[in-house]
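Visitor: So that you have it, the file is coords.cif, and it contains mmCIF, C-alpha atoms:
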data_run
loop_
_atom_site.label_atom_id
_atom_site.label_comp_id
_atom_site.auth_asym_id
_atom_site.auth_seq_id
_atom_site.Cartn_x
_atom_site.Cartn_y
_atom_site.Cartn_z
CA MET A 1 0.00 0.00 0.00
CA LYS A 2 1.32 3.45 -0.91
CA MET A 3 2.41 5.55 2.04
CA ASP A 4 0.38 8.67 2.83
CA SER A 5 2.16 11.84 1.59
CA ASN A 6 1.94 13.51 5.00
CA LYS A 7 3.57 10.49 6.58
CA THR A 8 6.33 10.62 3.94
CA LEU A 9 7.01 14.27 4.75
CA ASP A 10 6.92 13.59 8.49
CA ASP A 11 9.36 10.68 8.14
CA ILE A 12 11.77 12.87 6.14
CA LEU A 13 11.70 15.59 8.78
CA GLY A 14 12.24 12.99 11.51
CA LEU A 15 15.17 11.37 9.69
CA ALA A 16 16.80 14.73 8.98
CA SER A 17 16.38 15.77 12.59
CA THR A 18 17.92 12.57 13.93
CA HIS A 19 20.78 12.28 11.45
CA PHE A 20 21.89 15.91 11.61
CA LYS A 21 20.98 16.41 15.28
CA VAL A 22 18.67 19.36 14.70
CA PRO A 23 15.58 19.56 16.96
CA ARG A 24 12.52 18.32 15.07
CA GLU A 25 10.47 21.38 16.08
CA ARG A 26 12.93 23.61 14.21
CA LEU A 27 12.20 21.91 10.89
CA THR A 28 9.26 22.90 8.68
CA PRO A 29 8.24 21.48 5.28
CA ASP A 30 9.21 24.55 3.26
CA ASP A 31 12.62 25.03 4.86
CA ASP A 32 15.69 25.11 2.65
CA PHE A 33 17.27 21.98 4.09
CA PHE A 34 20.80 23.04 3.19
CA LYS A 35 20.38 26.14 5.35
CA THR A 36 18.25 24.72 8.16
CA LEU A 37 20.38 21.65 8.61
CA GLY A 38 23.60 23.55 7.87
CA ILE A 39 24.78 20.86 5.46
CA ASP A 40 26.99 20.81 2.39
CA SER A 41 26.60 18.81 -0.80
CA LEU A 42 28.38 15.72 0.58
CA GLN A 43 26.17 15.70 3.68
CA ALA A 44 23.16 16.04 1.38
CA LEU A 45 24.29 12.76 -0.18
CA ASP A 46 24.14 11.19 3.30
CA LEU A 47 20.56 12.43 3.61
CA LEU A 48 19.75 10.95 0.20
CA THR A 49 21.17 7.58 1.27
CA LYS A 50 19.23 7.68 4.54
CA LEU A 51 16.02 8.40 2.65
CA GLU A 52 16.63 5.68 0.05
CA ASN A 53 17.33 3.13 2.77
CA HIS A 54 14.31 4.18 4.84
CA PHE A 55 11.77 4.30 2.02
CA ARG A 56 13.43 1.49 0.02
CA VAL A 57 13.41 3.56 -3.16
CA GLU A 58 16.01 4.70 -5.67
CA LEU A 59 16.30 8.45 -6.09
CA PRO A 60 18.58 9.32 -9.00
CA ASP A 61 20.62 12.37 -8.04
CA TYR A 62 19.53 14.28 -11.15
CA GLU A 63 15.89 14.12 -10.00
CA LEU A 64 16.93 16.15 -6.97
CA GLN A 65 18.73 18.86 -8.92
CA GLY A 66 17.39 22.18 -7.70
CA VAL A 67 15.40 20.56 -4.88
CA THR A 68 16.16 22.37 -1.63
CA ASP A 69 13.00 22.09 0.49
CA PHE A 70 11.58 19.13 2.39
CA ARG A 71 8.14 19.34 0.79
CA THR A 72 9.44 18.95 -2.79
CA LEU A 73 11.79 16.22 -1.62
CA ALA A 74 8.78 14.39 -0.17
CA GLU A 75 6.92 14.73 -3.47
CA ARG A 76 9.85 13.22 -5.37
CA ILE A 77 9.97 10.29 -2.96
CA GLN A 78 6.20 9.86 -2.96
CA ALA A 79 6.30 9.54 -6.76
CA ARG A 80 8.55 6.50 -6.40
CA LEU A 81 6.69 4.66 -3.64
CA MET B 1 60.91 -4.62 7.31
CA ALA B 2 59.05 -1.86 9.12
CA ASN B 3 55.59 -2.84 10.33
CA LYS B 4 54.31 0.66 9.98
CA HIS B 5 54.67 3.58 7.59
CA GLU B 6 53.04 6.95 8.09
CA GLY B 7 52.68 9.23 5.10
CA GLN B 8 50.91 12.54 4.59
CA ALA B 9 48.09 11.09 2.49
CA VAL B 10 48.30 7.34 3.01
CA SER B 11 49.72 5.14 5.75
CA TRP B 12 50.09 1.41 6.12
CA GLU B 13 50.51 -1.08 8.89
CA LEU B 14 50.91 -4.85 9.25
CA ARG B 15 48.45 -6.36 11.74
CA ASP B 16 47.92 -10.09 12.29
CA GLY B 17 49.12 -11.09 8.84
CA VAL B 18 47.09 -8.36 7.16
CA ILE B 19 48.30 -5.13 5.56
CA GLU B 20 46.01 -2.19 6.26
CA LEU B 21 46.33 0.77 3.93
CA ALA B 22 44.62 3.88 5.29
CA LEU B 23 43.75 6.92 3.16
CA HIS B 24 43.75 10.12 5.18
CA ARG B 25 44.02 13.20 3.06
CA ASP B 26 41.60 16.03 3.78
CA PRO B 27 38.87 16.61 2.67
CA CYS B 28 37.98 13.26 1.08
CA ASN B 29 41.19 11.57 -0.09
CA GLU B 30 41.30 13.29 -3.48
CA ILE B 31 44.03 11.63 -5.52
CA GLY B 32 46.58 14.19 -6.66
CA SER B 33 50.35 14.15 -7.01
CA LEU B 34 51.00 13.65 -3.28
CA THR B 35 48.66 10.67 -2.91
CA LEU B 36 49.94 9.17 -6.16
CA ALA B 37 53.58 9.41 -5.01
CA GLU B 38 52.72 7.75 -1.69
CA LEU B 39 50.70 5.01 -3.39
CA GLU B 40 53.73 4.39 -5.62
CA GLU B 41 55.83 3.98 -2.47
CA PHE B 42 53.27 1.54 -1.15
CA VAL B 43 53.14 -0.66 -4.25
CA ALA B 44 56.95 -0.68 -4.34
CA ALA B 45 56.96 -2.04 -0.78
CA LEU B 46 54.07 -4.44 -1.40
CA PRO B 47 55.92 -7.47 -2.88
CA LYS B 48 58.15 -7.75 0.19
CA MET B 49 55.29 -7.16 2.63
CA SER B 50 53.16 -9.74 0.82
CA GLU B 51 55.58 -12.51 1.71
CA ASP B 52 54.35 -12.57 5.30
CA THR B 53 50.75 -11.54 4.79
CA HIS B 54 47.64 -12.97 3.18
CA ALA B 55 45.35 -9.98 2.82
CA LEU B 56 45.33 -6.25 2.15
CA ILE B 57 42.57 -3.97 3.39
CA ILE B 58 42.20 -0.50 1.90
CA TYR B 59 40.08 1.92 3.92
CA SER B 60 39.60 5.60 4.61
CA ALA B 61 40.21 7.30 7.92
CA MET B 62 38.23 10.35 6.73
CA LYS B 63 34.65 10.73 7.94
CA SER B 64 33.46 12.11 4.59
CA GLY B 65 34.03 8.92 2.70
CA PHE B 66 36.35 6.46 1.05
CA CYS B 67 37.64 8.71 -1.73
CA ALA B 68 36.14 11.48 -3.88
CA GLY B 69 38.37 10.66 -6.86
CA ALA B 70 41.01 12.63 -8.68
CA ASP B 71 42.11 15.97 -7.28
CA LEU B 72 40.32 18.15 -9.85
CA ARG B 73 41.53 21.38 -8.29
CA GLU B 74 45.14 20.35 -8.73
CA LEU B 75 44.44 19.10 -12.25
CA TYR B 76 42.79 22.41 -13.16
CA ARG B 77 45.55 24.51 -11.60
CA ARG B 78 48.33 22.60 -13.30
CA SER B 79 46.70 22.55 -16.70
CA GLU B 80 46.04 26.31 -16.46
CA GLU B 81 49.77 26.86 -16.06
CA MET B 82 50.63 24.99 -19.28
CA ASN B 83 49.78 25.12 -22.97
CA ARG B 84 47.41 22.38 -24.16
CA VAL B 85 50.15 20.15 -25.61
CA ASP B 86 52.10 20.14 -22.34
CA ALA B 87 48.91 19.77 -20.31
CA VAL B 88 47.89 16.65 -22.28
CA ARG B 89 51.42 15.28 -21.93
CA GLY B 90 51.27 15.87 -18.18
CA VAL B 91 47.90 14.14 -17.92
CA ARG B 92 49.15 11.15 -19.91
CA ASP B 93 52.16 10.82 -17.60
CA TYR B 94 49.90 11.04 -14.53
CA LEU B 95 47.49 8.43 -15.96
CA GLU B 96 50.29 6.02 -16.81
CA ARG B 97 51.62 6.31 -13.27
CA ILE B 98 48.21 5.80 -11.64
CA HIS B 99 47.49 2.87 -13.97
CA ALA B 100 50.76 1.25 -12.88
CA VAL B 101 49.67 1.62 -9.24
CA MET B 102 46.17 0.31 -9.94
CA ASN B 103 47.49 -2.65 -11.93
CA ALA B 104 49.94 -3.52 -9.14
CA LEU B 105 47.11 -3.47 -6.59
CA ASP B 106 44.82 -5.43 -8.91
CA ASP B 107 47.51 -8.08 -9.37
CA ALA B 108 48.73 -8.07 -5.74
CA PRO B 109 49.78 -11.55 -4.58
CA LEU B 110 47.25 -11.63 -1.74
CA THR B 111 43.53 -11.09 -1.37
CA THR B 112 42.54 -7.44 -1.38
CA ILE B 113 39.51 -5.91 0.32
CA ALA B 114 38.17 -2.36 -0.04
CA ALA B 115 36.28 -1.30 3.10
CA VAL B 116 34.28 1.68 1.92
CA HIS B 117 31.93 4.24 3.42
CA GLY B 118 30.41 7.53 2.27
CA VAL B 119 31.61 9.07 -0.97
CA THR B 120 33.22 6.50 -3.28
CA PHE B 121 33.29 8.53 -6.47
CA GLY B 122 35.31 8.55 -9.69
CA GLY B 123 38.89 7.57 -8.91
CA GLY B 124 37.72 6.40 -5.49
CA LEU B 125 35.40 3.89 -7.10
CA GLU B 126 38.22 2.92 -9.46
CA LEU B 127 40.48 2.26 -6.47
CA ALA B 128 37.78 0.07 -4.89
CA LEU B 129 37.33 -1.78 -8.18
CA VAL B 130 40.94 -3.02 -8.21
CA CYS B 131 40.21 -4.92 -5.00
CA ASP B 132 39.02 -8.53 -4.95
CA LEU B 133 36.18 -7.77 -2.52
CA ILE B 134 34.29 -4.61 -1.68
CA ILE B 135 32.68 -4.36 1.75
CA ALA B 136 30.43 -1.33 2.02
CA ASP B 137 29.00 0.61 4.92
CA LYS B 138 25.28 1.06 4.17
CA MET B 139 25.89 4.82 3.85
CA ALA B 140 28.38 4.36 0.99
CA ARG B 141 27.60 5.86 -2.43
CA PHE B 142 29.20 4.95 -5.75
CA CYS B 143 29.38 7.19 -8.78
CA PHE B 144 31.25 7.95 -12.00
CA PRO B 145 30.60 11.69 -12.47
CA GLU B 146 33.32 12.23 -15.10
CA LEU B 147 31.01 12.91 -18.05
CA ARG B 148 30.01 16.25 -16.52
CA LEU B 149 33.60 17.36 -17.22
CA GLY B 150 33.56 16.04 -20.76
CA LEU B 151 35.75 13.11 -19.74
CA ILE B 152 35.51 9.39 -19.07
CA PRO B 153 36.87 7.74 -15.90
CA GLY B 154 40.63 7.59 -16.34
CA PHE B 155 41.98 5.30 -13.60
CA GLY B 156 40.78 2.05 -15.19
CA GLY B 157 37.14 2.35 -14.17
CA ILE B 158 35.26 1.26 -17.26
CA PRO B 159 37.30 -1.88 -18.10
CA ARG B 160 37.24 -3.00 -14.47
CA LEU B 161 33.55 -2.28 -14.01
CA LYS B 162 32.86 -4.18 -17.22
CA ARG B 163 34.95 -7.06 -15.92
CA ASP B 164 32.74 -7.33 -12.85
CA MET B 165 29.25 -6.27 -13.92
CA GLY B 166 26.71 -6.35 -16.73
CA ASN B 167 27.09 -3.79 -19.48
CA GLY B 168 23.68 -2.24 -18.68
CA VAL B 169 24.81 -1.33 -15.18
CA VAL B 170 28.08 0.07 -16.53
CA ARG B 171 26.19 2.28 -19.00
CA ASP B 172 23.78 3.46 -16.30
CA LEU B 173 26.61 4.55 -13.99
CA LEU B 174 28.70 6.02 -16.79
CA LEU B 175 26.12 7.73 -19.00
CA THR B 176 23.76 9.14 -16.34
CA GLY B 177 26.47 10.04 -13.83
CA ARG B 178 24.06 9.13 -11.05
CA SER B 179 25.17 7.59 -7.79
CA PHE B 180 24.20 4.18 -6.41
CA ASN B 181 23.76 3.46 -2.72
CA ALA B 182 25.36 0.37 -1.19
CA ILE B 183 22.26 -1.80 -1.41
CA LYS B 184 21.79 -1.00 -5.10
CA ALA B 185 25.51 -1.63 -5.65
CA GLN B 186 25.22 -5.00 -3.95
CA THR B 187 22.15 -5.93 -6.00
CA ALA B 188 24.09 -5.00 -9.14
CA GLY B 189 27.01 -7.23 -8.11
CA LEU B 190 29.55 -4.53 -7.30
CA VAL B 191 29.63 -5.01 -3.54
CA SER B 192 30.02 -8.32 -1.73
CA GLN B 193 28.81 -7.29 1.74
CA VAL B 194 26.77 -4.37 3.07
CA VAL B 195 27.25 -3.67 6.76
CA GLY B 196 25.97 -1.16 9.32
CA GLU B 197 27.25 2.39 9.65
CA GLY B 198 30.87 2.51 10.78
CA GLU B 199 31.27 -1.28 10.51
CA ALA B 200 33.06 -1.71 7.16
CA LEU B 201 36.60 -1.92 8.54
CA ARG B 202 35.59 -4.33 11.31
CA ALA B 203 33.81 -6.53 8.75
CA ALA B 204 36.85 -6.38 6.45
CA ARG B 205 39.10 -7.50 9.32
CA GLY B 206 36.71 -10.39 10.01
CA THR B 207 36.79 -11.38 6.36
CA ALA B 208 40.60 -11.16 6.30
CA ALA B 209 40.72 -13.51 9.30
CA GLN B 210 38.58 -16.00 7.35
CA LEU B 211 40.93 -15.79 4.33
CA ARG B 212 43.83 -16.83 6.52
CA LYS B 213 42.36 -20.34 6.79
CA PHE B 214 43.14 -21.06 3.14
CA ASP B 215 46.38 -21.90 1.39
CA LYS B 216 47.80 -18.67 0.02
CA ALA B 217 49.07 -20.13 -3.27
CA THR B 218 45.66 -21.67 -3.98
CA ALA B 219 43.87 -18.41 -3.23
CA LEU B 220 46.25 -16.57 -5.55
CA ALA B 221 45.74 -19.12 -8.36
CA ALA B 222 41.97 -18.76 -7.99
CA LYS B 223 42.19 -14.98 -8.00
CA ARG B 224 44.34 -14.81 -11.13
CA PHE B 225 42.07 -17.32 -12.92
CA ILE B 226 38.87 -15.39 -12.20
CA LYS B 227 40.16 -11.81 -12.25
CA PRO B 228 42.35 -11.17 -15.29
CA ILE B 229 43.55 -7.59 -15.74
CA PRO B 230 41.97 -6.10 -18.91
CA ARG B 231 45.28 -4.60 -20.05
CA GLU B 232 44.35 -3.79 -23.67
CA GLU B 233 41.19 -1.95 -22.66
CA LEU B 234 43.09 -0.09 -19.94
CA LYS B 235 45.53 1.19 -22.57
CA GLN B 236 42.62 2.23 -24.80
CA GLU B 237 41.10 4.09 -21.88
CA ILE B 238 44.23 6.26 -21.54
CA GLU B 239 44.09 7.08 -25.27
CA ILE B 240 40.39 8.02 -25.17
CA PHE B 241 40.89 10.09 -22.01
CA CYS B 242 43.81 12.02 -23.53
CA ASP B 243 41.89 12.63 -26.79
CA LEU B 244 38.98 14.04 -24.81
CA PHE B 245 41.26 16.03 -22.50
CA GLU B 246 42.67 17.96 -25.46
CA ARG B 247 39.35 19.71 -26.05
CA PRO B 248 38.89 23.21 -24.57
CA ALA B 249 35.48 22.11 -23.23
CA VAL B 250 37.26 20.00 -20.63
CA GLN B 251 39.20 22.92 -19.19
CA ALA B 252 35.93 24.90 -19.13
CA GLY B 253 34.25 22.00 -17.30
CA LEU B 254 37.07 21.84 -14.75
CA ARG B 255 36.86 25.59 -14.22
CA LYS B 256 33.10 25.37 -13.69
CA PHE B 257 33.57 22.64 -11.10
CA VAL B 258 36.39 24.39 -9.25
CA GLU B 259 34.57 27.73 -9.17
CA SER B 260 31.10 26.29 -8.48
CA THR B 261 29.11 27.70 -5.59
CA ASP B 262 26.19 25.41 -6.41
CA ALA B 263 24.73 23.60 -3.42
CA GLN B 264 25.10 20.30 -5.28
CA PRO B 265 28.25 20.63 -7.42
CA TYR B 266 28.66 16.87 -7.64
CA LEU B 267 25.49 16.55 -9.71
CA PRO B 268 26.03 15.93 -13.40
#
How does the structure come out when it is put into structure tokens?
Guide:
Amino acid sequence: MKMDSNKTLDDILGLASTHFKVPRERLTPDDDFFKTLGIDSLQALDLLTKLENHFRVELPDYELQGVTDFRTLAERIQARL
Amino acid sequence: MANKHEGQAVSWELRDGVIELALHRDPCNEIGSLTLAELEEFVAALPKMSEDTHALIIYSAMKSGFCAGADLRELYRRSEEMNRVDAVRGVRDYLERIHAVMNALDDAPLTTIAAVHGVTFGGGLELALVCDLIIADKMARFCFPELRLGLIPGFGGIPRLKRDMGNGVVRDLLLTGRSFNAIKAQTAGLVSQVVGEGEALRAARGTAAQLRKFDKATALAAKRFIKPIPREELKQEIEIFCDLFERPAVQAGLRKFVESTDAQPYLP
């Protein structure tokens, strides 16, 4: 059964919070995750791997080009569930 | 024979019949002239060290990953200082030296294990591919991003990937420039074991202990039977790389990468 899109977004925020040790309440769906998490491009790859492992999907890097907010990231993942 | 050698970019140590080669150049073990010179020292010492050892583990001591590939900043800087003819000559010399190192590691008279985590890109993936086994942390990522620069992988990547995997997977990695995670890489046949975060070196040591149970000469015969070095294709790779490197578009691609302020400069 396909996961609910709100649950997908919530899982992403939870994973980002845990992995980068940023309080969950500081993260909102439309945040620029590079800025909010304070991460660089290599750390963004870690986030991508975490998300792929959690959702058991493949997310080609080029599909994420220009994606900087959690909500769009969730949409891209949701499209592959 | 010294049991330990500490370099600026790579160090090695003999532990329990196993050679451990650690990469430790900031930020992510980019392979430039310093790393190449130290790897040359290592492969020169390897035949003697191999007499008393049965396995070699290559790993990274850097948190960011196993290796991000060639040092593109150094390559750009050096080629800016030269005319194109000299720059291509310099690149050919560098490639021939790195190929000699890679071939020596590929053909090493013991079983070799790459214990990888994080970024394993370009030349880093090519270094892993010379090893007999790849053990990956589940956070490892594998990628050949060279096409974004107008180049192909130059450290033996395509012939060795083709040796190990189906052509469709090779084309996917090469032509899209996308990265694979460890589970995808294992499904594709690139990785032999996927382990938890921070566990790759421990798992590699456990595997090396298992290898010790077998007769070394038999293991070497099996390795050489199943893992021939694709020497002709490796030579062709150098020619294709140098032909491509001559084009001004490559220098423009290198400049774009070096000067990029993009949040995701690794993306093709």
Visitor: Listing only residues of chain B within 12 Å of chain A, what is the closest atom pair and its distance in Å (to one decimal) for each, using only C-alpha atoms, sorted by chain and residue number ascending, as CSV?
Guide:
residue,atom,partner,partner_atom,distance
B:Pro27,CA,A:Leu42,CA,10.7
B:Cys28,CA,A:Leu42,CA,9.9
B:Lys63,CA,A:Gln43,CA,10.7
B:Ser64,CA,A:Leu42,CA,7.4
B:Gly65,CA,A:Leu42,CA,9.1
B:Cys67,CA,A:Leu42,CA,11.8
B:Ala68,CA,A:Leu42,CA,9.9
B:His117,CA,A:Asp46,CA,10.4
B:Gly118,CA,A:Asp46,CA,7.3
B:Val119,CA,A:Leu42,CA,7.6
B:Thr120,CA,A:Leu42,CA,11.1
B:Phe121,CA,A:Leu42,CA,11.2
B:Asp137,CA,A:Thr49,CA,11.1
B:Lys138,CA,A:Thr49,CA,8.2
B:Met139,CA,A:Thr49,CA,6.0
B:Ala140,CA,A:Thr49,CA,7.9
B:Arg141,CA,A:Thr49,CA,7.6
B:Phe142,CA,A:Leu45,CA,10.8
B:Cys143,CA,A:Asp61,CA,10.2
B:Pro145,CA,A:Asp61,CA,10.9
B:Arg148,CA,A:Tyr62,CA,11.9
B:Asp172,CA,A:Pro60,CA,10.7
B:Leu173,CA,A:Pro60,CA,10.6
B:Thr176,CA,A:Tyr62,CA,8.4
B:Gly177,CA,A:Asp61,CA,8.6
B:Arg178,CA,A:Asp61,CA,5.6
B:Ser179,CA,A:Asp61,CA,6.6
B:Phe180,CA,A:Pro60,CA,8.0
B:Asn181,CA,A:Thr49,CA,6.3
B:Ala182,CA,A:Thr49,CA,8.7
B:Ile183,CA,A:Asn53,CA,8.1
B:Lys184,CA,A:Glu58,CA,8.1
B:Ala185,CA,A:Glu58,CA,11.4
B:Gly196,CA,A:Asn53,CA,11.7
B:Glu197,CA,A:Lys50,CA,10.9
B:Ser260,CA,A:Ser41,CA,11.6
B:Thr261,CA,A:Ser41,CA,10.4
B:Asp262,CA,A:Ser41,CA,8.7
B:Ala263,CA,A:Ser41,CA,5.8
B:Gln264,CA,A:Ser41,CA,5.0
B:Pro265,CA,A:Ser41,CA,7.1
B:Tyr266,CA,A:Ser41,CA,7.4
B:Leu267,CA,A:Tyr62,CA,6.5
B:Pro268,CA,A:Tyr62,CA,7.1
Visitor: Between CA of Ile31 (chain B) and CA of Asn83 (chain B), measure the distance and give it in Å to one decimal.
Guide: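 CA of Asn83 (chain B) lies at a distance of 22.8 Å from CA of Ile31 (chain B).
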Visitor: Given the PyMOL selection byres ((chain B and resi 229) around 12) and the file above, list the residues it selects as a PyMOL selection string.
Guide: chain B and resi 99-100+102-108+129-132+156-157+159-164+223-228+230-235
Visitor: Rank nothing, just name the residue among B:Gln210, B:Gln236, B:Ser79, B:Thr187 nearest to Pro248 (chain B), using only C-alpha atoms.
Guide: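 So, comparing all the options, the nearest one is B:Ser79.
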Visitor: For CA of Gly198 (chain B) and CA of Ala136 (chain B), determine how far apart the two atoms are, in Å to one decimal place.
Guide: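 Between these atoms lies a distance of 9.6 Å.
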